[in-house]
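start.txt (compact mmCIF, C-alpha atoms and all ligand atoms)
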# COMPACT_ATOMS: atom_id res chain seq x y z
CA GLU A 1 17.23 -25.18 -10.63
CA ASN A 2 17.42 -25.52 -6.87
CA GLY A 3 17.06 -21.86 -5.96
CA HIS A 4 20.66 -21.16 -6.85
CA SER A 5 21.68 -19.30 -9.97
CA SER A 6 25.07 -18.20 -11.16
CA GLU A 7 23.70 -15.70 -13.66
CA SER A 8 25.28 -12.29 -13.31
CA ARG A 9 22.64 -9.59 -12.84
CA GLY A 10 21.95 -6.10 -11.54
CA ALA A 11 20.79 -5.43 -7.99
CA LEU A 12 17.34 -4.24 -6.93
CA ILE A 13 17.99 -1.57 -4.34
CA VAL A 14 15.09 0.26 -2.70
CA LEU A 15 15.13 3.45 -0.67
CA GLU A 16 12.37 3.89 1.88
CA GLY A 17 11.54 6.39 4.58
CA LEU A 18 9.14 9.13 5.60
CA ASP A 19 8.38 12.04 3.30
CA ARG A 20 11.48 14.34 3.17
CA SER A 21 13.83 11.73 4.64
CA GLY A 22 16.16 12.28 1.67
CA LYS A 23 15.31 9.33 -0.59
CA SER A 24 15.32 11.19 -3.89
CA SER A 25 18.54 13.07 -3.12
CA GLN A 26 20.33 9.88 -2.11
CA SER A 27 18.90 7.76 -4.94
CA SER A 28 20.31 10.01 -7.64
CA ARG A 29 23.66 10.26 -5.84
CA LEU A 30 23.85 6.47 -5.66
CA VAL A 31 23.17 6.08 -9.38
CA SER A 32 25.97 8.54 -10.23
CA TYR A 33 28.29 6.73 -7.85
CA LEU A 34 27.62 3.32 -9.43
CA GLU A 35 27.90 4.64 -12.97
CA GLY A 36 31.20 6.27 -12.03
CA LEU A 37 32.49 2.86 -10.98
CA GLY A 38 31.35 1.35 -14.28
CA PHE A 39 28.24 -0.47 -12.98
CA PRO A 40 25.20 0.11 -15.21
CA ALA A 41 22.50 1.70 -13.02
CA GLU A 42 19.13 3.42 -13.42
CA LEU A 43 17.07 5.57 -11.11
CA TRP A 44 13.46 4.44 -10.74
CA ARG A 45 10.69 5.72 -8.51
CA PHE A 46 7.25 4.74 -7.33
CA PRO A 47 4.72 6.03 -7.88
CA ASP A 48 5.76 6.22 -11.52
CA ARG A 49 3.55 9.18 -12.40
CA ASN A 50 4.12 8.79 -16.16
CA THR A 51 1.74 5.87 -16.77
CA SER A 52 -2.03 6.30 -16.91
CA VAL A 53 -2.35 4.61 -13.51
CA GLY A 54 0.41 6.90 -12.28
CA GLN A 55 -1.54 9.95 -13.41
CA MET A 56 -4.53 8.85 -11.35
CA ILE A 57 -2.24 8.46 -8.34
CA SER A 58 -0.66 11.84 -8.90
CA SER A 59 -4.04 13.52 -9.10
CA TYR A 60 -5.05 11.85 -5.84
CA LEU A 61 -1.84 12.84 -4.04
CA SER A 62 -2.20 16.48 -5.02
CA ASN A 63 -5.80 16.45 -3.72
CA LYS A 64 -7.26 16.97 -7.18
CA SER A 65 -9.30 13.78 -6.90
CA GLN A 66 -10.80 11.62 -4.16
CA LEU A 67 -10.58 7.84 -4.07
CA ASP A 68 -11.60 5.12 -1.64
CA ASP A 69 -8.62 4.04 0.50
CA HIS A 70 -8.71 0.50 -0.90
CA THR A 71 -8.89 1.77 -4.46
CA ILE A 72 -5.82 4.01 -4.18
CA HIS A 73 -3.94 1.20 -2.44
CA LEU A 74 -4.57 -1.13 -5.39
CA LEU A 75 -3.60 1.59 -7.86
CA PHE A 76 -0.22 2.03 -6.14
CA SER A 77 0.23 -1.74 -6.33
CA SER A 78 -0.79 -2.03 -9.97
CA ASN A 79 1.62 0.83 -10.75
CA ARG A 80 4.39 -1.51 -9.57
CA TRP A 81 3.01 -4.56 -11.40
CA GLU A 82 2.85 -2.66 -14.68
CA LYS A 83 6.63 -2.13 -14.37
CA ARG A 84 7.46 -5.67 -13.25
CA SER A 85 8.40 -7.11 -16.61
CA LEU A 86 10.71 -4.22 -17.50
CA MET A 87 12.19 -4.34 -14.01
CA GLU A 88 13.11 -8.01 -14.45
CA THR A 89 14.48 -7.48 -17.95
CA LYS A 90 16.75 -4.68 -16.73
CA LEU A 91 18.02 -6.67 -13.76
CA LYS A 92 18.75 -9.72 -15.91
CA SER A 93 20.62 -7.57 -18.41
CA GLY A 94 22.95 -6.47 -15.61
CA THR A 95 21.49 -3.06 -14.80
CA THR A 96 21.17 -2.16 -11.14
CA LEU A 97 17.90 -0.39 -10.30
CA VAL A 98 17.93 2.16 -7.51
CA VAL A 99 14.25 2.53 -6.67
CA ASP A 100 12.85 5.50 -4.76
CA ARG A 101 9.96 3.85 -2.75
CA TYR A 102 8.43 0.41 -3.32
CA SER A 103 5.96 -2.01 -1.72
CA TYR A 104 7.00 -1.00 1.81
CA SER A 105 5.63 2.50 1.16
CA GLY A 106 2.51 0.88 -0.22
CA VAL A 107 1.84 -1.06 2.96
CA ALA A 108 3.09 1.53 5.47
CA PHE A 109 0.98 4.40 4.13
CA SER A 110 -2.25 2.45 3.55
CA SER A 111 -2.12 0.58 6.86
CA ALA A 112 -1.41 3.89 8.63
CA LYS A 113 -4.85 4.96 7.40
CA GLY A 114 -6.32 1.96 9.18
CA LEU A 115 -6.50 -0.65 6.41
CA ASP A 116 -5.68 -4.20 7.49
CA PHE A 117 -1.93 -4.85 7.40
CA ASP A 118 -2.13 -8.27 5.71
CA TRP A 119 -4.73 -7.08 3.23
CA CYS A 120 -2.29 -4.33 2.27
CA LYS A 121 0.56 -6.81 1.75
CA ALA A 122 -1.43 -9.24 -0.40
CA PRO A 123 -1.33 -7.47 -3.80
CA GLU A 124 2.44 -6.96 -3.45
CA LYS A 125 3.11 -10.70 -3.18
CA GLY A 126 5.18 -12.01 -6.08
CA LEU A 127 6.79 -8.71 -7.12
CA PRO A 128 10.59 -8.87 -7.41
CA ALA A 129 12.04 -8.79 -3.88
CA PRO A 130 14.64 -6.10 -3.26
CA ASP A 131 18.19 -7.28 -2.62
CA LEU A 132 18.61 -4.34 -0.28
CA VAL A 133 16.21 -1.90 1.40
CA LEU A 134 17.85 1.28 2.62
CA PHE A 135 15.59 2.76 5.27
CA LEU A 136 16.33 6.43 5.85
CA ASP A 137 15.38 6.86 9.48
CA ILE A 138 14.24 10.31 10.59
CA SER A 139 11.67 11.67 13.03
CA PRO A 140 8.57 13.36 11.53
CA GLU A 141 9.63 16.58 13.30
CA LYS A 142 13.07 16.68 11.70
CA ALA A 143 11.65 15.76 8.31
CA ALA A 144 9.12 18.59 8.53
CA GLU A 145 11.93 21.13 8.97
CA ARG A 146 13.12 20.34 5.44
CA GLY A 147 12.00 22.23 2.34
CA GLY A 148 8.65 21.81 0.64
CA TYR A 149 6.92 19.83 3.36
CA GLY A 150 3.15 20.08 3.54
CA ASP A 151 2.16 20.28 -0.11
CA GLU A 152 0.75 16.80 -0.60
CA ARG A 153 -1.96 14.70 0.95
CA TYR A 154 0.10 12.60 3.38
CA GLU A 155 2.45 15.31 4.60
CA GLN A 156 1.07 15.82 8.09
CA HIS A 157 2.76 15.12 11.41
CA ASP A 158 0.32 12.73 13.06
CA PHE A 159 -0.02 10.73 9.89
CA GLN A 160 3.74 10.51 9.35
CA ARG A 161 4.09 9.22 12.89
CA LYS A 162 1.68 6.38 12.15
CA VAL A 163 3.50 5.62 8.91
CA SER A 164 6.73 5.39 10.86
CA GLN A 165 5.19 2.76 13.19
CA GLN A 166 3.93 0.70 10.24
CA TYR A 167 7.33 0.80 8.57
CA LYS A 168 8.86 -0.72 11.70
CA ALA A 169 6.57 -3.74 11.36
CA LEU A 170 7.91 -4.36 7.83
CA GLU A 171 11.62 -4.51 8.62
CA ASP A 172 13.27 -7.76 7.49
CA ALA A 173 16.74 -9.16 6.77
CA SER A 174 17.06 -7.17 3.54
CA TRP A 175 16.86 -3.88 5.47
CA LYS A 176 19.65 -1.57 6.42
CA VAL A 177 18.52 1.27 8.69
CA ILE A 178 20.49 4.49 8.26
CA ASP A 179 20.27 7.56 10.49
CA ALA A 180 18.96 10.11 7.98
CA ASP A 181 19.29 13.05 10.38
CA GLN A 182 22.95 13.47 9.48
CA ALA A 183 24.60 15.71 6.91
CA ILE A 184 23.67 14.70 3.38
CA ASP A 185 27.27 13.69 2.54
CA GLU A 186 27.55 11.54 5.66
CA VAL A 187 24.36 9.66 4.81
CA GLU A 188 25.67 9.16 1.28
CA LYS A 189 28.96 7.76 2.54
CA GLN A 190 27.17 5.15 4.65
CA LEU A 191 24.85 4.17 1.81
CA ARG A 192 27.70 3.76 -0.68
CA GLU A 193 29.35 1.08 1.37
CA VAL A 194 26.34 -1.24 1.65
CA VAL A 195 25.24 -0.59 -1.91
CA LEU A 196 28.59 -1.52 -3.42
CA LYS A 197 28.66 -4.76 -1.45
CA CYS A 198 25.15 -5.64 -2.64
CA VAL A 199 25.87 -4.83 -6.30
CA LYS A 200 28.93 -7.09 -6.24
CA ILE A 201 27.01 -10.01 -4.71
CA CYS A 202 24.31 -9.73 -7.39
CA LYS A 203 26.91 -9.48 -10.12
CA ASN A 204 28.32 -12.75 -8.83
CA GLY A 205 24.99 -14.46 -9.39
CA LYS A 206 22.86 -14.15 -6.24
CA SER A 207 19.45 -15.64 -7.15
CA MET A 208 16.39 -13.41 -7.34
CA SER A 209 13.41 -13.91 -5.09
CA GLN A 210 9.82 -12.75 -4.85
CA LEU A 211 8.27 -10.51 -2.27
CA TRP A 212 6.30 -11.86 0.70
CA LEU A 213 5.48 -15.35 -0.59
N1 LIG B 1 2.93 6.36 -1.40
C1 LIG B 1 3.91 5.95 -2.25
C2 LIG B 1 1.90 5.49 -1.02
O1 LIG B 1 1.01 5.86 -0.25
N2 LIG B 1 1.89 4.22 -1.50
C3 LIG B 1 2.86 3.75 -2.36
O2 LIG B 1 2.80 2.57 -2.78
C4 LIG B 1 3.91 4.66 -2.76
C5 LIG B 1 4.97 4.19 -3.70
C6 LIG B 1 4.43 10.36 -2.81
C7 LIG B 1 3.55 9.86 -1.71
O3 LIG B 1 3.00 8.61 -2.06
C8 LIG B 1 2.94 7.78 -0.95
C9 LIG B 1 4.09 8.19 -0.11
C10 LIG B 1 4.25 9.66 -0.38
O4 LIG B 1 3.51 10.39 0.58
P1 LIG B 1 6.92 10.73 -3.38
O5 LIG B 1 6.54 11.27 -4.70
O6 LIG B 1 8.07 9.83 -3.34
O7 LIG B 1 5.70 9.90 -2.74
O8 LIG B 1 7.09 11.98 -2.44
P2 LIG B 1 7.93 12.15 -1.10
O9 LIG B 1 8.34 10.95 -0.41
O10 LIG B 1 7.15 13.14 -0.34
O11 LIG B 1 9.28 12.63 -1.60
P3 LIG B 1 10.01 13.78 -1.01
O12 LIG B 1 10.62 14.34 -2.19
O13 LIG B 1 9.17 14.63 -0.19
O14 LIG B 1 11.04 13.17 0.03
P4 LIG B 1 12.48 12.52 -0.18
O15 LIG B 1 12.70 12.04 -1.56
O16 LIG B 1 12.65 11.55 0.92
O17 LIG B 1 13.48 13.71 0.17
P5 LIG B 1 14.41 14.60 -0.81
O18 LIG B 1 15.64 13.89 -1.12
O19 LIG B 1 13.60 15.16 -1.90
O20 LIG B 1 14.77 15.73 0.23
C11 LIG B 1 13.80 16.62 0.76
C12 LIG B 1 14.46 17.95 1.16
O21 LIG B 1 15.39 17.73 2.22
C13 LIG B 1 16.72 18.08 1.82
C14 LIG B 1 16.69 18.12 0.32
O22 LIG B 1 17.66 18.99 -0.19
C15 LIG B 1 15.28 18.59 0.03
O23 LIG B 1 15.18 19.97 0.18
N3 LIG B 1 17.63 17.06 2.39
C16 LIG B 1 18.38 17.23 3.50
N4 LIG B 1 18.53 18.29 4.32
C17 LIG B 1 19.37 18.13 5.38
N5 LIG B 1 20.07 16.99 5.64
C18 LIG B 1 19.97 15.93 4.83
N6 LIG B 1 20.66 14.80 5.10
C19 LIG B 1 19.07 16.02 3.71
N7 LIG B 1 18.72 15.15 2.73
C20 LIG B 1 17.83 15.80 1.94
NA NA B 2 11.01 11.90 -3.21

Can the structure in the file be given as structure tokens, please?
Amino acid sequence: ENGHSSESRGALIVLEGLDRSGKSSQSSRLVSYLEGLGFPAELWRFPDRNTSVGQMISSYLSNKSQLDDHTIHLLFSSNRWEKRSLMETKLKSGTTLVVDRYSYSGVAFSSAKGLDFDWCKAPEKGLPAPDLVLFLDISPEKAAERGGYGDERYEQHDFQRKVSQQYKALEDASWKVIDADQAIDEVEKQLREVVLKCVKICKNGKSMSQLWL
């Protein structure tokens, strides 16, 4: 084939943003919305803390274990690779995946610690590329005012500010930046519009691509 496919499929939709930007709230709302319209959809999240790699990540994030920065970076990446095959099967079968964090989190958080940006991108190369990245844009100050902030390793102001800068370097044509400092229903309304458009394009056979190759 010449890069064009007419196979109907589900869309790979990723939500990104700082901690407490509203990704989880909006992801589950989007899945309900799509299901309500009759589009098969599933909510996924990374890290997937249910796998054995995911349990190592979870232990690290809750400060129960220490790991070298490179090591934890590669664990986050392998946590995505271990789900790759299932991800592709689901998409091909027509299920849209709404994914709470993906490779952009992987690169933004690790490079904010000082790891080389390109080194951070390398292990993500070849993963399924999202059809749409919804970036929930919020300042670290506003995010910190929301419930539960401060419990995990990365939830500190200065660090979140650096993460925010790294995210900006990752923006590409698949991104849609949404002002996340609006009422939850208003954010949802804006997301619905772009998501529906994307799901329809994929259903009509948009070809899949790979990340950062
Ligand atoms: N990480 C992750 C890496 O370093 N590398 C990687 O490769 C990956 C995948 C865990 C950490 O791992 C790092 C990044 C993270 O630091 P996580 O488990 O996804 O990642 O944890 P968090 O991102 O911290 O998830 P949060 O649950 O904190 O943030 P969300 O999902 O963005 O926010 P949400 O929806 O839970 O909302 C937070 C609060 O705000 C309220 C909600 O009701 C809730 O109380 N809220 C709003 N309030 C006012 N207005 C709105 N519009 C609101 N929207 C939500
Ligand atoms: Na979350």

Using only C-alpha atoms, determine which residues lie at most 9 Å from Ser65 (chain A), disregarding the query and same-chain residues fewer than 6 positions distant; provide the list as a ChimeraX atom specification. /A:56-57,59

Based on the selection just made, write C-alpha atoms of those residues as a CSV table (one decimal), in the coordinates of the input.
chain,number,residue,atom,x,y,z
A,56,MET,CA,-4.5,8.8,-11.4
A,57,ILE,CA,-2.2,8.5,-8.3
A,59,SER,CA,-4.0,13.5,-9.1

Compute the set of protein, DNA and RNA residues whose minimum atom distance to ligand LIG 1 (chain B) is at most 7 Å, using only C-alpha atoms and all ligand atoms, and state it as a VMD selection string. chain A and resid 17 to 26 46 to 47 61 73 76 to 77 100 to 103 105 to 107 109 to 110 146 to 149 153 to 155 180 to 184 187

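Of the listed residues A:Leu127, A:Leu43, A:Met208, A:Val53, the one whose atoms come nearest to ligand NA 2 (chain B) is A:Leu43, with distances taken using all atoms listed in the file.
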
Report the distance between CA of Gly114 (chain A) and CA of Ser78 (chain A) in Å, rounded to one decimal place. 20.3 Å

Nearest residue to Leu136 (chain A) from the set A:Phe39, A:Tyr33, A:Tyr60, A:Tyr167 (distances using only C-alpha atoms):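 Closest to Leu136 (chain A) of all the choices is A:Tyr167.
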
Give the answer as one residue: which of A:Tyr104, A:Ser93, A:Val133, A:Glu82 has the shortest atom-to-atom distance to Phe117 (chain A), using all atoms listed in the file? A:Tyr104

Residue with smallest distance to ligand NA 2 (chain B) - pool A:Val99, A:Ala41, A:Val163, A:Ser85, counting all atoms listed in the file: A:Val99

Have a look at CA of His157 (chain A) and CA of Asp137 (chain A) and let me know their distance in Å, one decimal.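 It comes out at 15.2 Å.
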
What is the distance between CA of Gly94 (chain A) and CA of Val177 (chain A), in Å to one decimal?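 Computing it gives 25.9 Å between the two atoms.
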
Within 8 Å of Leu91 (chain A) using only C-alpha atoms, minus same-chain residues under 2 positions, as an MDAnalysis selection string: chainID A and resid 9:12 87:89 93:97

Among A:Glu7, A:Gln210, A:Leu15, A:Leu86, ligand NA 2 (chain B) is approached most closely, using only C-alpha atoms and all ligand atoms, by A:Leu15

Let me make sure I understand: among A:Asp158, A:Glu152, A:Glu124, A:Asp118, which one has the smallest atom-to-atom distance to ligand NA 2 (chain B) if we use all atoms listed in the file?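 Closest to ligand NA 2 (chain B) of all the choices is A:Glu152.
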